[in-house]
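Shown below: data11.txt, with compact mmCIF, C-alpha atoms and all ligand atoms.
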# COMPACT_ATOMS: atom_id res chain seq x y z
CA SER K 300 120.00 153.48 72.51
CA PRO K 301 120.58 151.71 69.17
CA ALA K 302 122.59 153.44 66.48
CA PRO K 303 120.65 155.05 63.63
CA ALA K 304 120.14 152.63 60.81
CA VAL K 305 121.06 154.89 58.00
CA ALA K 306 122.41 157.50 55.85
CA GLU K 307 122.74 161.01 57.17
CA ASP K 308 122.66 159.64 60.67
CA LYS K 309 118.89 159.52 60.71
CA PHE K 310 116.38 156.91 61.78
CA LEU K 311 114.52 155.31 58.90
CA ILE K 312 110.84 155.30 59.76
CA SER K 313 108.14 153.72 57.61
CA VAL K 314 105.11 155.81 56.83
CA GLU K 315 102.24 153.88 55.23
CA VAL K 316 99.77 155.77 53.11
CA CYS K 317 96.48 154.07 52.27
CA LEU K 318 94.68 155.49 49.24
CA LYS K 319 90.92 155.82 49.12
CA PRO K 320 89.27 153.05 47.08
CA SER K 321 88.08 155.72 44.65
CA SER K 322 91.48 157.33 44.16
CA THR K 323 93.04 157.20 40.73
CA ALA K 324 96.03 159.34 41.63
CA ARG K 325 99.49 158.16 40.64
CA ILE K 326 101.37 156.49 43.48
CA GLU K 327 104.44 158.60 42.73
CA ASP K 328 102.49 161.87 42.99
CA VAL K 329 100.95 160.90 46.29
CA LYS K 330 104.34 159.85 47.60
CA LEU K 331 105.84 163.23 46.74
CA ALA K 332 102.90 165.07 48.27
CA VAL K 333 103.19 163.10 51.52
CA GLU K 334 106.96 163.62 51.67
CA ARG K 335 106.42 167.34 51.25
CA MET K 336 103.72 167.34 53.90
CA LEU K 337 106.02 165.50 56.33
CA GLU K 338 108.83 167.98 55.68
CA ASN K 339 106.56 170.75 56.87
CA ARG K 340 105.27 168.81 59.83
CA ASN K 341 107.60 169.73 62.64
CA LEU K 342 106.22 167.22 65.11
CA SER K 343 107.80 164.23 66.77
CA TYR K 344 107.31 160.74 65.37
CA ALA K 345 105.38 158.05 67.23
CA ASP K 346 103.43 155.06 65.95
CA GLY K 347 99.92 155.92 64.91
CA PRO K 348 97.87 158.01 62.53
CA VAL K 349 99.03 161.33 61.12
CA ASP K 350 96.50 164.09 60.57
CA ILE K 351 96.22 165.20 56.98
CA PRO K 352 96.22 169.00 56.73
CA GLN K 353 92.70 169.98 55.67
CA ASP K 354 93.95 172.59 53.23
CA ASP K 355 95.86 169.97 51.24
CA THR K 356 93.01 169.04 48.92
CA PHE K 357 95.12 166.69 46.81
CA LEU K 358 95.83 164.56 49.87
CA THR K 359 92.38 164.83 51.43
CA ASP K 360 90.82 163.83 48.10
CA ASN K 361 93.00 160.80 47.61
CA VAL K 362 94.25 159.53 50.93
CA GLN K 363 92.23 157.54 53.43
CA ARG K 364 94.85 157.49 56.17
CA ILE K 365 98.52 157.93 56.88
CA CYS K 366 100.20 155.88 59.57
CA ILE K 367 103.64 156.04 61.16
CA CYS K 368 104.98 152.54 61.85
CA ASP K 369 107.74 150.80 63.75
CA THR K 370 109.13 153.71 65.72
CA GLU K 371 109.46 151.45 68.75
CA GLU K 372 112.29 149.72 66.93
CA TRP K 373 114.43 152.75 67.74
CA VAL K 374 112.96 154.24 70.85
CA SER K 375 111.56 152.76 74.00
CA ASN K 376 110.58 153.96 77.47
CA ASN K 377 108.48 156.78 76.12
CA ASP K 378 111.45 158.46 74.44
CA ILE K 379 110.47 160.52 71.45
CA LEU K 380 111.82 160.73 67.96
CA LEU K 381 112.14 164.31 66.87
CA PHE K 382 111.30 165.16 63.29
CA TRP K 383 114.85 166.14 62.36
CA GLN K 384 116.16 162.76 63.54
CA VAL K 385 113.92 160.93 61.11
CA LYS K 386 114.08 160.05 57.46
CA PRO K 387 110.57 158.92 56.55
CA LEU K 388 110.18 156.11 54.03
CA VAL K 389 106.81 156.63 52.42
CA HIS K 390 104.88 153.60 51.12
CA VAL K 391 101.71 154.31 49.19
CA TYR K 392 99.19 151.53 48.55
CA GLN K 393 95.58 150.88 47.69
CA LEU K 394 93.72 147.95 49.22
CA SER K 395 92.27 145.33 46.95
CA GLU K 396 88.62 144.94 47.79
CA GLU K 397 88.25 141.57 46.16
CA GLY K 398 87.72 138.81 48.65
CA PRO K 399 89.50 135.50 48.32
CA CYS K 400 89.20 133.79 45.02
CA GLU K 401 88.63 130.15 45.83
CA ASP K 402 89.15 127.24 43.62
CA LEU K 403 86.35 124.79 44.13
CA ASP K 404 87.07 121.36 42.94
CA GLY K 405 84.15 120.42 40.76
CA ASP K 406 81.74 118.03 42.43
CA SER K 407 83.48 117.58 45.71
CA GLN K 408 83.05 121.25 46.66
CA LEU K 409 86.40 121.17 48.36
CA SER K 410 88.54 124.15 47.74
CA SER K 411 92.17 123.24 47.46
CA PHE K 412 93.40 126.81 47.72
CA SER K 413 92.33 130.41 48.17
CA GLU K 414 94.00 133.35 46.55
CA TRP K 415 94.14 137.03 47.49
CA ILE K 416 95.49 140.04 45.71
CA LEU K 417 97.64 141.96 48.22
CA PRO K 418 97.36 144.28 49.99
CA ALA K 419 93.84 143.02 50.67
CA LYS K 420 91.05 144.70 52.55
CA ASP K 421 90.48 141.39 54.38
CA PHE K 422 93.84 141.71 56.13
CA ASP K 423 93.71 145.42 56.85
CA GLY K 424 94.55 146.09 60.50
CA MET K 425 95.51 142.47 61.18
CA TRP K 426 99.18 143.23 61.82
CA GLU K 427 98.29 145.90 64.38
CA SER K 428 95.72 143.66 66.08
CA LEU K 429 98.29 140.97 66.87
CA VAL K 430 100.06 141.49 70.17
CA TYR K 431 103.26 139.64 71.06
CA GLU K 432 106.16 140.13 73.39
CA SER K 433 108.31 142.88 72.11
CA GLY K 434 110.22 142.29 68.96
CA LEU K 435 108.59 139.19 67.46
CA LYS K 436 106.73 140.98 64.67
CA GLN K 437 109.66 143.30 63.99
CA ARG K 438 112.06 140.39 63.86
CA LEU K 439 109.92 138.59 61.30
CA LEU K 440 109.59 141.70 59.20
CA ARG K 441 113.32 142.34 59.27
CA TYR K 442 114.21 138.74 58.38
CA ALA K 443 111.83 138.67 55.45
CA ALA K 444 112.97 142.09 54.29
CA SER K 445 116.61 141.00 54.36
CA ALA K 446 115.78 137.86 52.42
CA LEU K 447 114.03 139.90 49.74
CA LEU K 448 116.89 142.37 49.61
CA PHE K 449 119.51 139.64 49.15
CA THR K 450 117.45 138.30 46.30
CA GLU K 451 116.98 141.67 44.71
CA LYS K 452 120.70 142.44 44.87
CA GLY K 453 121.50 139.09 43.31
CA VAL K 454 123.60 137.71 46.18
CA ASP K 455 124.99 134.36 45.07
CA PRO K 456 123.36 131.65 47.22
CA LEU K 457 126.44 129.47 46.82
CA LEU K 458 128.51 132.11 48.60
CA VAL K 459 125.99 133.37 51.11
CA ALA K 460 123.20 130.98 52.00
CA TRP K 461 119.71 132.13 52.85
CA ASN K 462 116.18 131.09 52.02
CA ARG K 463 112.73 132.55 51.95
CA ILE K 464 110.90 130.05 54.12
CA VAL K 465 109.14 131.10 57.30
CA LEU K 466 108.00 128.60 59.92
CA LEU K 467 105.86 129.71 62.82
CA HIS K 468 105.21 127.04 65.40
CA GLY K 469 103.43 126.91 68.74
CA PRO K 470 100.12 125.99 70.36
CA PRO K 471 96.83 126.41 68.43
CA GLY K 472 95.06 129.76 68.57
CA THR K 473 98.17 131.85 69.13
CA GLY K 474 97.73 133.78 65.91
CA LYS K 475 100.24 131.99 63.66
CA THR K 476 98.05 131.87 60.57
CA SER K 477 96.95 135.45 61.07
CA LEU K 478 100.55 136.52 61.55
CA CYS K 479 101.56 134.88 58.26
CA LYS K 480 98.79 136.70 56.41
CA ALA K 481 99.58 139.97 58.14
CA LEU K 482 103.28 139.57 57.33
CA ALA K 483 102.50 138.98 53.66
CA GLN K 484 100.31 142.08 53.67
CA LYS K 485 103.05 144.21 55.31
CA LEU K 486 105.71 143.00 52.90
CA SER K 487 103.48 143.64 49.90
CA ILE K 488 103.13 147.25 51.10
CA ARG K 489 106.78 147.75 51.99
CA PHE K 490 108.09 146.21 48.78
CA SER K 491 105.55 147.65 46.38
CA SER K 492 108.09 149.74 44.50
CA ARG K 493 110.11 146.63 43.61
CA TYR K 494 107.08 144.35 43.26
CA PRO K 495 104.01 146.29 42.12
CA HIS K 496 101.91 143.12 42.18
CA SER K 497 101.56 140.72 45.02
CA GLN K 498 99.44 137.66 45.77
CA LEU K 499 98.85 135.26 48.61
CA VAL K 500 97.93 131.66 47.90
CA GLU K 501 96.69 129.68 50.87
CA VAL K 502 97.00 125.96 50.27
CA ASN K 503 94.39 123.95 52.11
CA ALA K 504 96.51 120.91 52.79
CA HIS K 505 93.67 119.32 54.74
CA SER K 506 91.27 119.31 51.85
CA LEU K 507 93.98 118.26 49.43
CA PHE K 508 94.47 115.08 51.39
CA SER K 509 91.21 114.48 53.08
CA LYS K 510 89.36 112.30 50.61
CA TRP K 511 89.71 111.74 46.96
CA PHE K 512 93.36 110.90 46.62
CA SER K 513 93.00 110.01 43.01
CA GLU K 514 91.76 113.56 42.42
CA SER K 515 94.40 115.10 44.64
CA GLY K 516 97.18 114.46 42.17
CA LYS K 517 95.38 116.57 39.60
CA LEU K 518 94.65 119.28 42.17
CA VAL K 519 98.29 119.57 43.16
CA ALA K 520 99.35 119.81 39.54
CA LYS K 521 96.76 122.48 38.84
CA LEU K 522 97.67 124.44 41.92
CA PHE K 523 101.35 124.53 41.15
CA GLN K 524 100.80 125.37 37.54
CA LYS K 525 98.93 128.39 38.76
CA ILE K 526 101.61 129.40 41.24
CA GLN K 527 104.31 128.88 38.62
CA ASP K 528 102.46 131.22 36.26
CA MET K 529 102.38 133.91 38.93
CA VAL K 530 106.05 133.48 39.76
CA GLU K 531 107.21 133.73 36.17
CA GLU K 532 106.15 137.36 36.11
CA ASP K 533 109.11 138.91 37.90
CA ASN K 534 107.17 141.99 39.07
CA ASN K 535 104.98 139.65 41.11
CA LEU K 536 105.72 138.89 44.72
CA VAL K 537 104.07 135.59 45.62
CA PHE K 538 103.36 134.28 49.10
CA VAL K 539 102.42 130.64 49.54
CA LEU K 540 100.86 129.81 52.90
CA ILE K 541 100.63 126.24 54.14
CA ASP K 542 98.92 125.77 57.46
CA GLU K 543 99.70 122.88 59.75
CA VAL K 544 102.56 121.53 57.64
CA GLU K 545 102.92 118.67 60.07
CA SER K 546 99.83 117.15 58.46
CA LEU K 547 101.92 116.56 55.33
CA ALA K 548 104.56 114.68 57.27
CA ALA K 549 101.86 112.72 59.08
CA ALA K 550 100.13 111.78 55.81
CA ARG K 551 103.40 110.55 54.36
CA LYS K 552 104.21 108.52 57.44
CA ALA K 553 100.75 106.97 57.47
CA ALA K 554 101.11 106.09 53.80
CA LEU K 555 104.44 104.42 54.42
CA SER K 556 103.00 102.33 57.23
CA GLY K 557 100.21 101.23 54.93
CA SER K 558 97.35 102.78 56.86
CA GLU K 559 96.58 105.26 54.08
CA PRO K 560 95.93 104.59 50.42
CA SER K 561 99.17 104.40 48.50
CA ASP K 562 97.93 107.20 46.26
CA SER K 563 98.39 109.59 49.11
CA ILE K 564 102.12 109.16 49.29
CA ARG K 565 102.41 110.19 45.66
CA VAL K 566 100.35 113.27 46.31
CA VAL K 567 102.29 114.32 49.39
CA ASN K 568 105.55 113.72 47.60
CA ALA K 569 104.35 115.66 44.58
CA LEU K 570 103.47 118.57 46.81
CA LEU K 571 106.80 118.48 48.62
CA THR K 572 108.75 118.26 45.37
CA GLN K 573 106.83 121.22 43.96
CA MET K 574 107.47 123.26 47.09
CA ASP K 575 111.16 122.40 46.88
CA LYS K 576 111.28 123.60 43.30
CA LEU K 577 109.38 126.74 44.12
CA LYS K 578 111.70 127.83 46.88
CA SER K 579 114.45 128.62 44.40
CA SER K 580 112.34 131.31 42.73
CA PRO K 581 113.48 134.72 43.94
CA ASN K 582 110.03 136.29 44.20
CA VAL K 583 108.38 133.64 46.37
CA ILE K 584 108.10 133.55 50.13
CA ILE K 585 106.82 130.33 51.65
CA LEU K 586 104.94 130.78 54.90
CA THR K 587 104.22 127.74 57.04
CA THR K 588 102.68 127.10 60.43
CA SER K 589 102.74 124.14 62.73
CA ASN K 590 100.99 123.33 65.97
CA ILE K 591 103.71 120.99 67.09
CA THR K 592 107.03 122.19 68.31
CA ALA K 593 109.02 119.03 67.69
CA ALA K 594 111.16 118.93 64.56
CA ILE K 595 109.06 118.51 61.47
CA ASP K 596 110.22 115.91 59.06
CA ILE K 597 109.67 117.81 55.83
CA ALA K 598 112.49 118.68 53.52
CA PHE K 599 111.40 122.15 52.61
CA VAL K 600 110.86 123.42 56.14
CA ASP K 601 113.56 121.69 58.12
CA ARG K 602 116.07 124.26 56.98
CA ALA K 603 113.75 127.25 57.25
CA ASP K 604 115.82 130.32 58.10
CA ILE K 605 113.00 132.14 59.70
CA LYS K 606 111.71 129.99 62.51
CA ALA K 607 109.82 131.51 65.36
CA TYR K 608 108.01 130.10 68.32
CA VAL K 609 104.67 131.78 68.86
CA GLY K 610 103.49 131.19 72.40
CA PRO K 611 100.42 132.06 74.44
CA PRO K 612 100.09 135.76 75.23
CA THR K 613 102.07 137.19 78.15
CA LEU K 614 100.35 139.26 80.85
CA GLN K 615 101.15 142.48 79.01
CA ALA K 616 99.86 141.07 75.71
CA ARG K 617 96.69 139.77 77.41
CA TYR K 618 96.06 143.18 78.91
CA GLN K 619 96.50 144.82 75.51
CA ILE K 620 94.27 142.33 73.72
CA LEU K 621 91.48 142.78 76.27
CA THR K 622 91.89 146.57 76.12
CA SER K 623 91.57 146.53 72.34
CA CYS K 624 88.42 144.38 72.62
CA LEU K 625 86.83 146.81 75.07
CA GLN K 626 87.81 149.79 72.96
CA GLU K 627 86.02 148.21 70.02
CA LEU K 628 82.88 147.67 72.11
CA ILE K 629 83.09 151.28 73.26
CA ARG K 630 83.65 152.52 69.70
CA THR K 631 80.56 150.70 68.51
CA GLY K 632 78.47 151.93 71.43
CA ILE K 633 77.84 148.50 72.90
CA LEU K 634 79.63 149.55 76.05
CA SER K 635 79.43 153.06 77.29
CA THR K 636 82.22 154.65 79.25
CA SER K 637 80.81 157.87 80.45
CA GLN K 638 79.71 158.23 83.97
CA ASP K 639 78.59 161.73 84.77
CA GLY K 640 79.86 162.67 81.33
CA ASP K 641 83.41 161.56 82.06
CA GLN K 642 85.09 159.77 79.22
CA ILE K 643 87.17 156.81 80.25
CA ILE K 644 90.50 156.36 78.58
CA LEU K 645 91.88 152.87 78.98
CA PRO K 646 95.59 153.27 79.66
CA ASN K 647 98.18 151.17 77.87
CA TYR K 648 100.13 148.65 79.92
CA SER K 649 103.07 150.82 80.90
CA CYS K 650 100.80 153.69 81.93
CA LEU K 651 98.59 151.25 83.81
CA LYS K 652 101.41 150.14 86.08
CA GLU K 653 102.16 153.75 86.96
CA LYS K 654 98.52 154.50 87.42
CA LEU K 655 97.93 151.64 89.83
CA ALA K 656 101.06 152.56 91.77
CA SER K 657 100.42 156.27 92.05
CA SER K 658 96.80 157.22 91.76
CA THR K 659 96.21 160.93 92.14
CA PRO K 660 93.19 162.57 93.73
CA GLN K 661 92.01 163.70 90.28
CA ASP K 662 91.43 160.09 89.29
CA SER K 663 87.95 159.09 90.15
CA ASP K 664 87.61 155.82 92.02
CA TYR K 665 85.50 154.68 89.11
CA HIS K 666 88.30 155.07 86.60
CA LEU K 667 90.83 153.44 88.89
CA ASN K 668 88.47 150.57 89.52
CA ILE K 669 88.14 149.90 85.82
CA CYS K 670 91.90 149.75 85.45
CA LYS K 671 92.15 147.36 88.39
CA HIS K 672 89.43 145.09 87.03
CA LEU K 673 90.97 145.04 83.59
CA PHE K 674 94.33 144.12 85.05
CA GLU K 675 92.70 141.44 87.18
CA ALA K 676 90.99 140.02 84.10
CA ALA K 677 94.31 139.94 82.24
CA GLU K 678 95.90 138.08 85.13
CA ALA K 679 93.00 135.66 85.33
CA CYS K 680 93.33 134.51 81.74
CA GLU K 681 96.80 133.12 82.02
CA GLY K 682 97.09 130.08 79.76
CA LEU K 683 94.22 131.06 77.45
CA SER K 684 95.15 131.52 73.79
CA GLY K 685 94.81 134.79 71.95
CA ARG K 686 91.88 133.28 70.09
CA SER K 687 90.00 132.54 73.33
CA LEU K 688 90.78 136.01 74.64
CA ARG K 689 89.21 137.68 71.64
CA LYS K 690 86.01 135.70 72.26
CA LEU K 691 85.71 136.58 75.95
CA PRO K 692 84.04 139.98 75.65
CA PHE K 693 81.39 138.42 73.44
CA LEU K 694 80.73 135.60 75.90
CA ALA K 695 80.67 138.09 78.76
CA HIS K 696 78.19 140.27 76.89
CA ALA K 697 75.93 137.31 76.28
CA ALA K 698 76.06 136.39 79.95
CA HIS K 699 75.49 139.98 80.95
CA MET K 700 72.58 140.62 78.65
CA ASN K 701 69.99 141.58 81.18
CA ALA K 702 72.13 143.98 83.07
CA ASP K 703 72.99 147.31 81.57
CA CYS K 704 76.29 147.72 79.84
CA HIS K 705 76.80 151.23 81.07
CA ASP K 706 78.67 150.13 84.08
CA LEU K 707 82.04 149.04 82.82
CA THR K 708 83.11 147.64 86.19
CA LYS K 709 80.10 145.33 86.24
CA PHE K 710 80.85 144.21 82.72
CA LEU K 711 84.45 143.49 83.66
CA ARG K 712 83.32 141.51 86.69
CA THR K 713 81.12 139.37 84.44
CA MET K 714 84.09 138.94 82.16
CA ILE K 715 86.27 137.70 85.03
CA ASN K 716 83.56 135.15 85.91
CA THR K 717 83.46 134.10 82.27
CA ILE K 718 87.21 133.60 82.33
CA THR K 719 86.96 131.35 85.36
CA ARG K 720 84.30 129.30 83.60
CA GLU K 721 86.27 129.08 80.35
CA ARG K 722 89.39 127.97 82.16
CA SER K 723 87.53 125.23 83.96
CA GLU K 724 86.42 123.92 80.56
CA ILE K 725 89.87 123.70 78.98
P1 LIG C 1 96.69 129.73 64.92
O1 LIG C 1 97.01 129.75 63.48
O2 LIG C 1 97.91 129.89 65.80
O3 LIG C 1 95.82 128.60 65.37
P2 LIG C 1 94.96 131.97 64.33
O4 LIG C 1 95.81 132.80 63.45
O5 LIG C 1 93.91 131.15 63.70
O6 LIG C 1 95.87 131.05 65.26
O7 LIG C 1 94.35 132.93 65.46
C1 LIG C 1 92.99 133.13 65.64
C2 LIG C 1 92.67 134.51 66.16
O8 LIG C 1 93.07 134.65 67.53
C3 LIG C 1 93.39 135.64 65.45
O9 LIG C 1 92.72 136.05 64.32
C4 LIG C 1 93.39 136.73 66.50
O10 LIG C 1 92.19 137.46 66.46
C5 LIG C 1 93.44 135.99 67.80
N1 LIG C 1 94.78 136.00 68.38
C6 LIG C 1 95.56 134.93 68.59
N2 LIG C 1 96.74 135.28 69.14
C7 LIG C 1 96.71 136.62 69.28
C8 LIG C 1 97.64 137.61 69.78
N3 LIG C 1 98.84 137.27 70.26
N4 LIG C 1 97.26 138.89 69.76
C9 LIG C 1 96.06 139.26 69.29
N5 LIG C 1 95.15 138.40 68.81
C10 LIG C 1 95.45 137.09 68.80
Mind turning the file's structure into structure tokens?
Amino acid sequence: SPAPAVAEDKFLISVEVCLKPSSTARIEDVKLAVERMLENRNLSYADGPVDIPQDDTFLTDNVQRICICDTEEWVSNNDILLFWQVKPLVHVYQLSEEGPCEDLDGDSQLSSFSEWILPAKDFDGMWESLVYESGLKQRLLRYAASALLFTEKGVDPLLVAWNRIVLLHGPPGTGKTSLCKALAQKLSIRFSSRYPHSQLVEVNAHSLFSKWFSESGKLVAKLFQKIQDMVEEDNNLVFVLIDEVESLAAARKAALSGSEPSDSIRVVNALLTQMDKLKSSPNVIILTTSNITAAIDIAFVDRADIKAYVGPPTLQARYQILTSCLQELIRTGILSTSQDGDQIILPNYSCLKEKLASSTPQDSDYHLNICKHLFEAAEACEGLSGRSLRKLPFLAHAAHMNADCHDLTKFLRTMINTITRERSEI
């Protein structure tokens, strides 16, 4: 197993503490209270929620939930982390309930960017909802954390080169945009003691270039003035997200070949120059996505340090995505799991394999059947994107309407039929 990452020979484990919206407690006080609570909690560490002791009124009054994160970085194969092996790193945050603040461009009603204060309620739970083959999310988090650390420590970029540009590329619908937003949210939580304020600006490149090129120049200038203002405050951590960066390269190419108005080349170039300037600011992380995997001809991303291919979900990821969908339908009462009062617990992928291999007499055929059907469904949706997968249970429900949703096996059979139909329509 990997060597402990730290001091005192202990594993550093992040513990995220979300304050209630109504809480006015000081972050530092809550942090101390949680650290004290964890010291007295002689239980092993695994990802997931931590119960708040009911007699701790300070915590129950102020804290919405406490979550242990990233233990799988250190342990795998159902190993456990014992409390004395762990040094918890407590991060306390309060979600911003404001939705995106959009900038509508006068008459045209096109918004050239949206802005969120992080951590935002809109992105709560997004990181956890994204399922990839092991390590992708952790790798991104570690890269970005190292980049921020180098900056904070003042490492001379002439001696050690690094940058704060992330490029996620891969087929559409694989969660790249969501992953960028979720990453920004995570980093804003993890780095809140260094950067108490954090924002995400999503640049809508499409609307910047779609029509009024003569207006676009002004929009770009306005946008970057705004970003520059945020960046000048050195307690601010600013994330700039540009989706489908390849559209910038395409617009420039089209302009050069004369098929686009010549104004557009000025706008694209202005944008690229501004991005180039921005990347030297220490408190900015530029997040970009692209649906093409070929090299992208844009100066500010071609040397991105953090490049990751985001592919369609693997069998294990598909199984987990479908399981999380069903759990949500069960939670909301749309599907019911009890048959003769038995509650069904959908096993995670590693337990599933064991379960299918060695069913015991205690397992009802009903339960086993559900597991089999779910696995079959996961196999059937090979090649579908994560986005399509998350729509399947809805489509299946619509198709299933007249039947009752109390029989999970029937529902799953409808879902498998839906998958077959969806695949034939790709
Ligand atoms: P992209 O930017 O790659 O086109 P999006 O971020 O727009 O993809 O993804 C759309 C939605 O699809 C996400 O919000 C998420 O619900 C779902 N999704 C895609 N990939 C995954 C995945 N690997 N795990 C879980 N959900 C996913």
Counting only C-alpha atoms and all ligand atoms, which protein, DNA or RNA residues come within 6 Å of ligand LIG 1 (chain C), given as a PDB file with C-alpha atoms, in the frame of the given file?
ATOM      1  CA  SER K 428      95.720 143.660  66.080  1.00  0.00           C
ATOM      2  CA  LEU K 429      98.290 140.970  66.870  1.00  0.00           C
ATOM      3  CA  VAL K 430     100.060 141.490  70.170  1.00  0.00           C
ATOM      4  CA  TYR K 431     103.260 139.640  71.060  1.00  0.00           C
ATOM      5  CA  PRO K 471      96.830 126.410  68.430  1.00  0.00           C
ATOM      6  CA  GLY K 472      95.060 129.760  68.570  1.00  0.00           C
ATOM      7  CA  THR K 473      98.170 131.850  69.130  1.00  0.00           C
ATOM      8  CA  GLY K 474      97.730 133.780  65.910  1.00  0.00           C
ATOM      9  CA  LYS K 475     100.240 131.990  63.660  1.00  0.00           C
ATOM     10  CA  THR K 476      98.050 131.870  60.570  1.00  0.00           C
ATOM     11  CA  SER K 477      96.950 135.450  61.070  1.00  0.00           C
ATOM     12  CA  PRO K 612     100.090 135.760  75.230  1.00  0.00           C
ATOM     13  CA  ILE K 620      94.270 142.330  73.720  1.00  0.00           C
ATOM     14  CA  GLY K 685      94.810 134.790  71.950  1.00  0.00           C
ATOM     15  CA  ARG K 686      91.880 133.280  70.090  1.00  0.00           C
ATOM     16  CA  ARG K 689      89.210 137.680  71.640  1.00  0.00           C
TER      17      ARG K 689
END
*Hey, what's within 9 Å of range 410-426 of chain K if we count all atoms listed in the file and toss same-chain stuff fewer than 4 positions away? As JSON, numbers by chain, please?*
{"K": [392, 393, 394, 395, 396, 397, 398, 399, 400, 401, 402, 403, 404, 430, 436, 477, 478, 480, 481, 482, 483, 484, 485, 486, 487, 488, 496, 497, 498, 499, 500, 501, 502, 503, 504, 505, 506, 507, 515, 518, 519, 522]}
*Up to 12 Å from (97.7, 140.6, 74.8) in the file's coordinates: name the residues, counting only C-alpha atoms, as an MDAnalysis selection string.*
chainID K and resid 427:433 473:474 610:624 647:648 673:674 676:678 680:689
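Taking CA of Asn582 in chain K as the reference point, CA of Ile312 in chain K is found at 24.6 Å.
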*Looking at only C-alpha atoms, which of K:Asp360, K:Glu338, K:Asp308, K:Glu531 is the one that sits closest to Ala324 in chain K?*
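Distance minimum relative to Ala324 in chain K lands on K:Asp360.
The list of residues with at least one atom within 9 Å of Ile351 in chain K, based on all atoms listed in the file and without residues fewer than 2 positions apart in the same chain, reads Met336, Val349, Gln353, Asp354, Asp355, Leu358, Thr359, Val362, Arg364 and Ile365 of chain K.
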*Name the residues in contact with Leu586 in chain K at a cut-off of 7 Å, using only C-alpha atoms, excluding same-chain residues fewer than 5 positions from it; report them as a ChimeraX atom specification.*
/K:464-466,479,538-541
*Do you have the CA of Asp346 in chain K-CA of Thr323 in chain K distance handy?*
27.4 Å
*Give me, please, the distance in Å between CA of Gln363 in chain K and CA of Phe382 in chain K, quoted to one decimal.*
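The value is 22.8 Å.
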Could you work out an axis-aligned box for range 613-616 of chain K, taking every atom the file lists and adding 8 Å on each side, and report centre and edge lengths in Å to one decimal, as lines of an AutoDock Vina configuration file?
center_x = 101.0
center_y = 139.8
center_z = 78.3
size_x = 18.2
size_y = 21.3
size_z = 21.1
*Test item: residues at most 12 Å from Ala594 in chain K, only C-alpha atoms, excluding those fewer than 2 positions along its chain, as JSON, numbers by chain*: {"K": [466, 468, 469, 544, 545, 548, 589, 590, 591, 592, 596, 597, 598, 600, 601, 602, 603, 606]}
For those residues, write C-alpha atoms to a file as a short mmCIF file (atom, residue, chain, number, x, y, z; two decimals), in the coordinates of the input.
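Listing of again.cif after writing:
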data_model
loop_
_atom_site.label_atom_id
_atom_site.label_comp_id
_atom_site.auth_asym_id
_atom_site.auth_seq_id
_atom_site.Cartn_x
_atom_site.Cartn_y
_atom_site.Cartn_z
CA LEU K 466 108.00 128.60 59.92
CA HIS K 468 105.21 127.04 65.40
CA GLY K 469 103.43 126.91 68.74
CA VAL K 544 102.56 121.53 57.64
CA GLU K 545 102.92 118.67 60.07
CA ALA K 548 104.56 114.68 57.27
CA SER K 589 102.74 124.14 62.73
CA ASN K 590 100.99 123.33 65.97
CA ILE K 591 103.71 120.99 67.09
CA THR K 592 107.03 122.19 68.31
CA ASP K 596 110.22 115.91 59.06
CA ILE K 597 109.67 117.81 55.83
CA ALA K 598 112.49 118.68 53.52
CA VAL K 600 110.86 123.42 56.14
CA ASP K 601 113.56 121.69 58.12
CA ARG K 602 116.07 124.26 56.98
CA ALA K 603 113.75 127.25 57.25
CA LYS K 606 111.71 129.99 62.51
#
*Which residue, K:Leu707, K:Met529, K:Ile605, K:Val374, has the smallest gap to Ser635 in chain K when you use all atoms listed in the file?*
K:Leu707
_Residue nearest Cys368 in chain K - candidates K:Arg489, K:Arg712, K:Arg340, K:Lys552, atoms counted: only C-alpha atoms_ =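 Once distances to Cys368 in chain K are computed over only C-alpha atoms, the minimum belongs to K:Arg489.
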